[in-house]
>>> print(open('my_file_22.txt').read())   # compact mmCIF, C-alpha atoms
# COMPACT_ATOMS: atom_id res chain seq x y z
CA MET A 182 -19.42 -184.17 -35.42
CA LEU A 183 -18.82 -180.62 -36.67
CA ARG A 184 -22.50 -179.78 -36.24
CA ARG A 185 -22.43 -181.02 -32.65
CA PHE A 186 -19.50 -178.78 -31.77
CA ALA A 187 -21.12 -175.82 -33.52
CA ALA A 188 -24.38 -176.42 -31.63
CA VAL A 189 -22.65 -175.81 -28.27
CA GLY A 190 -20.95 -172.61 -29.40
CA VAL A 191 -17.60 -173.93 -30.64
CA LYS A 192 -16.66 -172.66 -34.10
CA PRO A 193 -14.99 -175.55 -35.94
CA VAL A 194 -11.99 -174.92 -38.18
CA VAL A 195 -12.39 -177.21 -41.18
CA LEU A 196 -9.04 -178.01 -42.77
CA LEU A 197 -8.96 -178.74 -46.49
CA GLY A 198 -6.02 -180.74 -47.80
CA GLY A 199 -4.71 -178.55 -50.59
CA ALA A 200 -1.19 -179.68 -49.65
CA THR A 201 -1.71 -183.12 -48.08
CA GLY A 202 -4.05 -184.08 -50.92
CA LEU A 203 -1.11 -183.80 -53.29
CA LEU A 204 0.81 -186.43 -51.30
CA GLY A 205 -1.73 -189.12 -50.43
CA ASP A 206 -2.43 -190.57 -46.99
CA PRO A 207 -1.17 -194.16 -46.65
CA SER A 208 -3.58 -194.90 -43.77
CA GLY A 209 -5.55 -198.04 -44.52
CA LYS A 210 -3.87 -198.56 -47.89
CA THR A 211 -2.02 -201.69 -48.95
CA ALA A 212 -0.43 -200.06 -52.00
CA GLU A 213 0.79 -196.66 -53.14
CA ARG A 214 -1.89 -194.15 -54.08
CA THR A 215 -1.96 -192.63 -57.54
CA LEU A 216 -1.01 -188.98 -57.16
CA MET A 217 -3.93 -186.65 -57.84
CA PRO A 218 -3.51 -183.96 -60.53
CA VAL A 219 -3.37 -180.43 -59.11
CA ASP A 220 -6.40 -179.19 -61.07
CA GLU A 221 -8.51 -182.17 -59.96
CA LEU A 222 -7.57 -181.57 -56.33
CA ALA A 223 -8.53 -177.88 -56.65
CA ARG A 224 -11.97 -178.86 -57.98
CA ASN A 225 -12.44 -181.33 -55.15
CA MET A 226 -11.51 -178.74 -52.52
CA ALA A 227 -14.00 -176.25 -53.98
CA SER A 228 -16.79 -178.85 -54.02
CA ILE A 229 -16.11 -179.96 -50.46
CA GLU A 230 -16.13 -176.41 -49.17
CA ALA A 231 -19.34 -175.60 -51.03
CA SER A 232 -21.08 -178.69 -49.63
CA LEU A 233 -20.06 -177.88 -46.07
CA ARG A 234 -21.07 -174.24 -46.32
CA MET A 235 -24.39 -174.74 -48.07
CA GLN A 236 -25.62 -177.98 -46.62
CA LEU A 237 -24.22 -178.62 -43.17
CA LEU A 238 -22.66 -175.71 -41.32
CA ASP A 239 -23.45 -172.54 -43.24
CA GLY A 240 -21.74 -169.70 -41.35
CA ARG A 241 -20.88 -171.66 -38.23
CA MET A 242 -17.38 -172.69 -39.26
CA GLU A 243 -14.06 -171.38 -40.53
CA VAL A 244 -12.48 -173.03 -43.55
CA ARG A 245 -8.70 -173.20 -43.94
CA ASN A 246 -6.52 -174.85 -46.55
CA ASN A 247 -3.15 -176.26 -45.52
CA ALA A 248 -1.68 -175.08 -48.82
CA GLU A 249 -1.77 -171.59 -47.23
CA TRP A 250 1.34 -172.39 -45.19
CA MET A 251 2.77 -175.54 -46.76
CA ALA A 252 3.00 -174.15 -50.33
CA GLU A 253 5.21 -171.29 -49.13
CA MET A 254 7.52 -173.49 -47.06
CA GLY A 255 10.86 -174.43 -48.61
CA ALA A 256 12.62 -177.75 -48.06
CA LEU A 257 15.26 -176.26 -45.77
CA GLU A 258 12.68 -174.58 -43.57
CA LEU A 259 10.68 -177.80 -43.40
CA LEU A 260 13.71 -179.79 -42.27
CA ARG A 261 15.18 -177.18 -39.88
CA GLU A 262 12.01 -175.91 -38.22
CA TYR A 263 10.01 -179.11 -38.10
CA GLY A 264 11.99 -182.12 -39.29
CA LYS A 265 14.31 -182.04 -36.28
CA HIS A 266 11.34 -182.74 -33.99
CA PHE A 267 10.29 -185.97 -35.72
CA ARG A 268 11.89 -189.25 -34.68
CA VAL A 269 12.26 -191.75 -37.51
CA SER A 270 11.76 -194.69 -35.13
CA ALA A 271 8.34 -193.34 -34.11
CA MET A 272 7.38 -192.67 -37.72
CA LEU A 273 8.34 -196.21 -38.73
CA ALA A 274 6.29 -197.66 -35.87
CA ARG A 275 3.02 -196.05 -36.93
CA ASP A 276 0.50 -198.60 -38.19
CA ALA A 277 0.12 -197.12 -41.68
CA VAL A 278 3.87 -197.35 -42.26
CA ALA A 279 4.65 -200.56 -40.38
CA SER A 280 1.93 -202.55 -42.17
CA ARG A 281 3.27 -201.49 -45.58
CA LEU A 282 6.83 -202.39 -44.65
CA GLU A 283 5.75 -205.78 -43.31
CA SER A 284 3.70 -206.53 -46.44
CA GLY A 285 6.72 -206.23 -48.71
CA THR A 286 5.09 -203.61 -50.95
CA GLY A 287 7.07 -200.87 -49.24
CA ILE A 288 6.24 -197.21 -49.01
CA SER A 289 7.54 -194.15 -50.83
CA PHE A 290 9.11 -191.22 -49.00
CA THR A 291 6.15 -189.11 -50.19
CA GLU A 292 3.61 -191.22 -48.30
CA PHE A 293 6.03 -191.83 -45.43
CA ALA A 294 6.25 -188.05 -44.93
CA TYR A 295 2.48 -187.56 -44.97
CA GLN A 296 2.28 -187.87 -41.17
CA MET A 297 4.91 -185.15 -40.87
CA VAL A 298 2.91 -182.72 -43.00
CA GLN A 299 -0.33 -183.40 -41.13
CA GLY A 300 1.54 -182.94 -37.88
CA ILE A 301 2.78 -179.54 -39.11
CA ASP A 302 -0.82 -178.59 -39.89
CA PHE A 303 -1.86 -179.18 -36.28
CA ALA A 304 1.15 -177.33 -34.92
CA HIS A 305 0.57 -174.37 -37.24
CA LEU A 306 -3.10 -174.01 -36.30
CA TYR A 307 -2.29 -174.50 -32.62
CA GLU A 308 0.37 -171.77 -32.64
CA SER A 309 -1.32 -169.27 -34.97
CA ASP A 310 -5.05 -169.83 -34.38
CA ALA A 311 -5.16 -171.40 -30.87
CA VAL A 312 -6.74 -174.59 -32.27
CA ALA A 313 -6.19 -177.02 -29.40
CA VAL A 314 -8.26 -180.04 -30.51
CA GLN A 315 -7.88 -182.07 -33.69
CA ILE A 316 -10.72 -184.42 -34.61
CA GLY A 317 -10.58 -187.18 -37.19
CA GLY A 318 -11.60 -190.71 -38.03
CA SER A 319 -10.01 -193.60 -36.17
CA ASP A 320 -7.71 -194.26 -39.15
CA GLN A 321 -6.12 -190.84 -38.49
CA TRP A 322 -4.84 -191.67 -35.00
CA GLY A 323 -1.21 -191.97 -36.08
CA ASN A 324 -1.30 -188.69 -38.01
CA ILE A 325 -2.98 -186.89 -35.11
CA THR A 326 -0.50 -188.14 -32.54
CA ALA A 327 2.33 -187.01 -34.85
CA GLY A 328 0.93 -183.51 -34.45
CA LEU A 329 0.61 -183.87 -30.69
CA ASP A 330 4.26 -184.98 -30.44
CA LEU A 331 5.38 -182.07 -32.61
CA ILE A 332 3.47 -179.50 -30.54
CA ARG A 333 4.90 -180.93 -27.29
CA ARG A 334 8.46 -180.87 -28.60
CA ARG A 335 8.18 -177.34 -29.95
CA ARG A 336 6.66 -176.08 -26.72
CA SER A 337 9.31 -177.68 -24.56
CA GLY A 338 12.14 -176.56 -26.81
CA ASP A 339 11.58 -172.81 -27.12
CA GLY A 340 11.94 -172.04 -23.39
CA THR A 341 9.03 -169.57 -23.27
CA PRO A 342 5.97 -169.85 -20.99
CA HIS A 343 2.72 -170.94 -22.59
CA GLU A 344 -0.79 -170.00 -21.61
CA ARG A 345 -2.55 -172.13 -24.20
CA PRO A 346 -4.24 -175.38 -23.11
CA ASP A 347 -2.58 -178.67 -23.93
CA ALA A 348 -3.26 -179.98 -27.41
CA VAL A 349 -5.72 -182.87 -27.63
CA GLY A 350 -6.52 -185.44 -30.31
CA VAL A 351 -9.98 -187.02 -30.70
CA THR A 352 -10.92 -189.85 -33.04
CA TYR A 353 -14.28 -191.43 -33.79
CA PRO A 354 -15.23 -194.75 -35.43
CA LEU A 355 -15.41 -194.79 -39.21
CA LEU A 356 -18.65 -195.61 -40.95
CA THR A 357 -18.33 -199.02 -42.57
CA THR A 358 -20.36 -201.37 -44.71
CA ALA A 359 -22.04 -204.41 -43.17
CA ASP A 360 -18.90 -206.48 -43.85
CA GLY A 361 -16.64 -203.90 -42.17
CA ALA A 362 -15.27 -202.18 -45.29
CA LYS A 363 -14.54 -198.45 -45.00
CA LEU A 364 -16.93 -196.07 -46.76
CA GLY A 365 -15.22 -193.49 -48.93
CA LYS A 366 -14.27 -192.22 -52.36
CA SER A 367 -11.02 -194.15 -52.57
CA ALA A 368 -12.84 -197.32 -51.49
CA GLY A 369 -15.32 -196.84 -54.34
CA ASN A 370 -18.45 -196.85 -52.17
CA ALA A 371 -18.85 -193.21 -51.23
CA VAL A 372 -22.14 -191.60 -50.26
CA TRP A 373 -21.82 -187.98 -51.38
CA LEU A 374 -23.25 -184.77 -49.94
CA ASP A 375 -23.33 -183.25 -53.44
CA ALA A 376 -26.74 -183.91 -55.03
CA ARG A 377 -25.08 -184.22 -58.44
CA LEU A 378 -23.23 -187.31 -57.22
CA THR A 379 -25.76 -188.80 -54.77
CA SER A 380 -29.31 -187.56 -55.32
CA PRO A 381 -31.55 -186.83 -52.31
CA PHE A 382 -33.53 -189.95 -53.23
CA ASP A 383 -30.43 -192.16 -53.37
CA LEU A 384 -29.19 -190.74 -50.07
CA TYR A 385 -32.57 -191.45 -48.49
CA GLN A 386 -32.65 -194.97 -49.93
CA TYR A 387 -29.15 -195.74 -48.72
CA PHE A 388 -30.12 -195.17 -45.09
CA ALA A 389 -33.67 -196.48 -45.45
CA LEU A 390 -32.15 -199.86 -46.31
CA ALA A 391 -29.72 -199.92 -43.38
CA PRO A 392 -29.63 -203.28 -41.54
CA ASP A 393 -31.38 -203.47 -38.17
CA ALA A 394 -28.02 -204.26 -36.57
CA ASP A 395 -26.64 -200.86 -37.64
CA VAL A 396 -29.60 -198.55 -37.21
CA ARG A 397 -29.05 -197.64 -33.54
CA THR A 398 -25.42 -196.69 -34.19
CA LEU A 399 -26.34 -194.65 -37.25
CA LEU A 400 -29.17 -192.81 -35.49
CA CYS A 401 -26.83 -191.86 -32.65
CA ALA A 402 -23.92 -190.91 -34.91
CA LEU A 403 -25.62 -189.13 -37.79
CA THR A 404 -28.75 -187.45 -36.47
CA GLU A 405 -29.40 -184.69 -33.96
CA LEU A 406 -32.25 -186.54 -32.26
CA SER A 407 -32.11 -186.88 -28.48
CA LEU A 408 -31.23 -190.27 -27.01
CA ASP A 409 -34.76 -190.53 -25.56
CA THR A 410 -36.27 -189.95 -28.99
CA ILE A 411 -33.94 -192.53 -30.54
CA GLU A 412 -34.90 -195.11 -27.93
CA ASP A 413 -38.60 -194.44 -28.57
CA GLU A 414 -38.07 -194.83 -32.31
CA LEU A 415 -36.19 -198.09 -31.82
CA ALA A 416 -38.85 -199.49 -29.47
CA ALA A 417 -41.56 -198.71 -32.03
CA HIS A 418 -39.42 -200.16 -34.80
CA PHE A 419 -38.73 -203.49 -33.13
CA ALA A 420 -42.40 -203.84 -32.22
CA GLN A 421 -43.12 -203.92 -35.99
CA PRO A 422 -39.76 -204.40 -37.74
CA SER A 423 -41.32 -204.94 -41.16
CA GLU A 424 -42.40 -201.27 -41.20
CA ARG A 425 -38.72 -200.18 -40.92
CA ARG A 426 -39.67 -197.14 -38.87
CA ALA A 427 -36.20 -196.57 -37.45
CA GLN A 428 -34.61 -196.70 -40.90
CA LYS A 429 -37.18 -194.24 -42.27
CA THR A 430 -36.48 -191.85 -39.41
CA LEU A 431 -32.72 -192.17 -40.00
CA ALA A 432 -33.10 -191.61 -43.75
CA ALA A 433 -35.41 -188.61 -43.28
CA GLU A 434 -33.14 -186.93 -40.72
CA VAL A 435 -29.93 -187.36 -42.70
CA THR A 436 -31.54 -186.23 -45.96
CA ARG A 437 -33.10 -183.22 -44.21
CA MET A 438 -29.76 -182.11 -42.74
CA VAL A 439 -27.98 -182.43 -46.08
CA HIS A 440 -30.63 -181.32 -48.59
CA GLY A 441 -33.38 -179.62 -46.60
CA THR A 442 -36.88 -180.47 -45.42
CA GLY A 443 -38.48 -180.26 -48.88
CA ALA A 444 -36.04 -182.65 -50.55
CA ALA A 445 -36.31 -185.08 -47.64
CA GLY A 446 -40.10 -185.13 -47.93
CA GLU A 447 -39.99 -185.73 -51.67
CA ALA A 448 -37.45 -188.52 -51.24
CA ALA A 449 -39.64 -190.18 -48.60
CA ARG A 450 -42.70 -190.00 -50.86
CA ALA A 451 -40.71 -191.42 -53.77
CA SER A 452 -39.52 -194.25 -51.57
CA ASP A 453 -43.09 -195.01 -50.48
CA ALA A 454 -44.20 -194.98 -54.11
CA LEU A 455 -41.30 -197.26 -55.05
CA TYR A 456 -42.42 -199.86 -52.54
CA ALA A 457 -46.14 -199.16 -53.14
CA ARG A 458 -46.77 -198.75 -49.43
CA ASP A 459 -49.53 -196.18 -49.64
CA GLY A 460 -50.25 -195.72 -53.33
CA GLU A 461 -49.31 -192.05 -53.27
CA ALA A 462 -47.46 -190.95 -56.38
CA ALA A 463 -44.24 -189.08 -55.76
CA PRO A 464 -43.52 -185.88 -57.70
CA ALA A 465 -41.16 -186.06 -60.65
CA SER A 466 -38.57 -183.99 -58.77
CA ALA A 467 -38.21 -186.74 -56.18
CA TYR A 468 -36.75 -189.25 -58.61
CA PRO A 469 -33.24 -189.50 -60.00
CA ARG A 470 -33.62 -188.37 -63.59
CA HIS A 471 -32.20 -189.63 -66.88
CA GLU A 472 -32.78 -187.62 -70.05
CA LEU A 473 -32.64 -189.26 -73.45
CA ALA A 474 -30.48 -187.89 -76.23
CA PRO A 475 -32.13 -185.07 -78.22
CA GLY A 476 -34.63 -186.49 -80.67
CA ALA A 477 -34.69 -189.97 -79.11
CA PRO A 478 -38.30 -191.04 -78.36
CA LEU A 479 -39.50 -193.00 -75.35
CA ASP A 480 -42.28 -194.64 -77.34
CA GLY A 481 -40.83 -197.87 -78.72
CA ALA A 482 -37.60 -197.70 -76.69
CA SER A 483 -36.18 -200.92 -75.26
CA VAL A 484 -36.67 -201.08 -71.48
CA VAL A 485 -33.41 -203.01 -71.16
CA ALA A 486 -31.51 -200.38 -73.16
CA LEU A 487 -33.04 -197.58 -71.09
CA ALA A 488 -32.07 -199.33 -67.84
CA ALA A 489 -28.47 -199.69 -68.98
CA ALA A 490 -28.27 -196.11 -70.30
CA ALA A 491 -29.67 -194.76 -67.02
CA GLY A 492 -27.07 -196.61 -64.96
CA LEU A 493 -29.44 -199.11 -63.37
CA ALA A 494 -27.26 -201.90 -64.76
CA PRO A 495 -23.61 -201.82 -65.84
CA SER A 496 -24.38 -203.04 -69.37
CA LYS A 497 -27.19 -204.12 -71.65
CA SER A 498 -26.33 -207.76 -71.07
CA ALA A 499 -26.57 -207.22 -67.31
CA ALA A 500 -29.93 -205.47 -67.78
CA LYS A 501 -31.14 -208.42 -69.89
CA ARG A 502 -30.16 -210.85 -67.13
CA LEU A 503 -31.97 -208.67 -64.61
CA ALA A 504 -35.14 -208.73 -66.74
CA ASN A 505 -34.92 -212.50 -67.21
CA GLU A 506 -34.60 -212.92 -63.43
CA GLY A 507 -37.66 -210.76 -62.76
CA GLY A 508 -35.75 -207.86 -61.25
CA LEU A 509 -36.62 -205.11 -63.73
CA TYR A 510 -39.78 -203.01 -63.39
CA LEU A 511 -41.53 -200.44 -65.57
CA ASN A 512 -43.90 -198.09 -63.72
CA GLY A 513 -44.10 -200.59 -60.87
CA GLU A 514 -44.91 -203.60 -63.06
CA ARG A 515 -42.40 -206.41 -63.51
CA VAL A 516 -40.95 -206.48 -67.02
CA ALA A 517 -41.96 -209.82 -68.49
CA SER A 518 -39.33 -210.07 -71.21
CA LYS A 519 -35.90 -208.74 -72.09
CA ASP A 520 -37.48 -207.60 -75.36
CA ALA A 521 -40.07 -205.36 -73.70
CA VAL A 522 -40.47 -201.85 -75.10
CA VAL A 523 -42.09 -198.66 -73.84
CA SER A 524 -45.47 -197.81 -75.33
CA ALA A 525 -47.07 -194.37 -75.49
CA SER A 526 -49.52 -195.39 -72.77
CA ASP A 527 -46.63 -196.10 -70.39
CA ILE A 528 -45.58 -192.43 -70.38
CA SER A 529 -47.15 -191.10 -67.20
CA GLU A 530 -48.10 -187.68 -65.87
CA LEU A 531 -44.54 -187.51 -64.50
CA GLY A 532 -43.43 -186.83 -68.06
CA GLY A 533 -41.66 -190.14 -68.57
CA VAL A 534 -41.43 -193.70 -67.30
CA VAL A 535 -40.16 -194.96 -63.96
CA ILE A 536 -37.75 -197.89 -64.25
CA LYS A 537 -36.73 -199.83 -61.17
CA ALA A 538 -33.89 -202.36 -60.90
CA GLY A 539 -33.90 -204.63 -57.87
CA LYS A 540 -34.88 -203.17 -54.52
CA ARG A 541 -32.98 -199.92 -54.34
CA LYS A 542 -32.32 -198.50 -57.80
CA VAL A 543 -34.92 -196.38 -59.57
CA VAL A 544 -34.87 -193.63 -62.19
CA LEU A 545 -37.34 -191.45 -64.07
CA VAL A 546 -36.50 -191.57 -67.78
CA VAL A 547 -37.71 -188.60 -69.82
CA GLU A 548 -37.31 -187.33 -73.35
CA ALA A 549 -35.00 -184.40 -73.98
CA GLU A 550 -36.67 -181.03 -73.89
CA SER A 551 -37.05 -179.55 -77.34
>>> encode(input="my_file_22.txt", output="structure tokens")
Amino acid sequence: MLRRFAAVGVKPVVLLGGATGLLGDPSGKTAERTLMPVDELARNMASIEASLRMQLLDGRMEVRNNAEWMAEMGALELLREYGKHFRVSAMLARDAVASRLESGTGISFTEFAYQMVQGIDFAHLYESDAVAVQIGGSDQWGNITAGLDLIRRRRSGDGTPHERPDAVGVTYPLLTTADGAKLGKSAGNAVWLDARLTSPFDLYQYFALAPDADVRTLLCALTELSLDTIEDELAAHFAQPSERRAQKTLAAEVTRMVHGTGAAGEAARASDALYARDGEAAPASAYPRHELAPGAPLDGASVVALAAAAGLAPSKSAAKRLANEGGLYLNGERVASKDAVVSASDISELGGVVIKAGKRKVVLVVEAES
């Protein structure tokens, strides 16, 4: 969404939650959030800003942090200048609050006041920076309208003429899993922009395995392809759905936008090698990588132990079950036994062995550099 606005000459103002992140948004939550430590929040803010600057928008945006104005605001100023404009009845009626009250779990004043703080953010940027449009996911509708109400009340109450345009709120559908669950860090199923958390290969694989039912929506929402191009891709895809052309296009475009053309190409080649579509070996840099402890040899290592250590299975016992069920592979060959070990001849020109678990998890395991 930010890229689309930037492409037509609008410079987005990206707001980081240095203040709101300390409170916790109750939207979509059935229980109170655990408050985030200040140092952890600071690290998160720095990582988010770096990802946006380096991978998506470069110099086409302005980054602000709501701690700039909220951290300096005292309680009396908050209540006198802003609190008088909020109506408790409206705050109680918002979905995020009402659902918690109806459930019996209740809501703390900290989370109850979150909508007030986000509303102040919008009003501050509207008054000081002429930001007239706030954009967010559909779960942010209540928080966005709190800001719209605040701006309207402040404008009507100061008695001075205004030349700024009316404030506007825009929401867009959230990305969800096939069963409708929200994607995100707090939901435990995040897809990250940071390559240290989601490698280019894993990002590519995530979208390459998208269901046919979702691929049109994802192509329209996440790529910069024209609608005509998308329709052509879909027509070609559904003519031969087993080739998964639309999913490959989606995966390539998203990975290119986030990590660049080179990383997207390597991820595509690794994916082709994983599924043995064309026999072309992918370069070592295309694979997620797991390095053994210093001095630990690959020759003679248990494949099951390597799979567990590399995160392909949650435990050795789970890796053993996977091997027994025929779902564990070494260099493309199914592992015949849970007792299988790596031999010297298995170590390929990639500098290690490629272990695959199921259909979408793969890793290159290498020895530590001496």
>>> closest_atom_pairs(input="my_file_22.txt", of="stretch 512-545 of chain A", to="stretch 447-452 of chain A", cutoff="12 Å", atoms="only C-alpha atoms", output="CSV")
residue,atom,partner,partner_atom,distance
A:Val535,CA,A:Ala451,CA,10.8
A:Lys537,CA,A:Ser452,CA,11.4
A:Lys540,CA,A:Ser452,CA,10.5
A:Arg541,CA,A:Ser452,CA,9.1
A:Lys542,CA,A:Ser452,CA,10.4
A:Val543,CA,A:Ser452,CA,9.5
A:Val544,CA,A:Ala451,CA,10.5
A:Leu545,CA,A:Ala451,CA,10.8
>>> closest_residue(input="my_file_22.txt", among="A:Phe290, A:Arg437, A:Tyr387, A:Phe267", to="A:Asp330", atoms="all atoms listed in the file")
A:Phe267
>>> residues_around(input="my_file_22.txt", residues="A:Asp393", least_positions_apart="5", cutoff="9 Å", atoms="only C-alpha atoms", output="tab-separated table (two decimals) with C-alpha atoms, in the coordinates of the input")
chain	number	residue	atom	x	y	z
A	419	PHE	CA	-38.73	-203.49	-33.13
A	422	PRO	CA	-39.76	-204.40	-37.74
A	425	ARG	CA	-38.72	-200.18	-40.92
A	427	ALA	CA	-36.20	-196.57	-37.45
A	428	GLN	CA	-34.61	-196.70	-40.90
>>> residues_around(input="my_file_22.txt", residues="A:Val485", least_positions_apart="2", cutoff="10 Å", atoms="all atoms listed in the file", output="VMD selection string")
chain A and resid 482 to 483 487 to 491 493 to 494 496 to 504 509 516 518 to 522 536
>>> residues_around(input="my_file_22.txt", residues="stretch 187-193 of chain A", least_positions_apart="4", cutoff="9 Å", atoms="only C-alpha atoms", output="PDB file with C-alpha atoms, keeping the file's coordinate frame")
ATOM      1  CA  MET A 182     -19.420-184.170 -35.420  1.00  0.00           C
ATOM      2  CA  LEU A 183     -18.820-180.620 -36.670  1.00  0.00           C
ATOM      3  CA  LEU A 238     -22.660-175.710 -41.320  1.00  0.00           C
ATOM      4  CA  ARG A 241     -20.880-171.660 -38.230  1.00  0.00           C
ATOM      5  CA  MET A 242     -17.380-172.690 -39.260  1.00  0.00           C
ATOM      6  CA  GLU A 243     -14.060-171.380 -40.530  1.00  0.00           C
ATOM      7  CA  VAL A 244     -12.480-173.030 -43.550  1.00  0.00           C
TER       8      VAL A 244
END
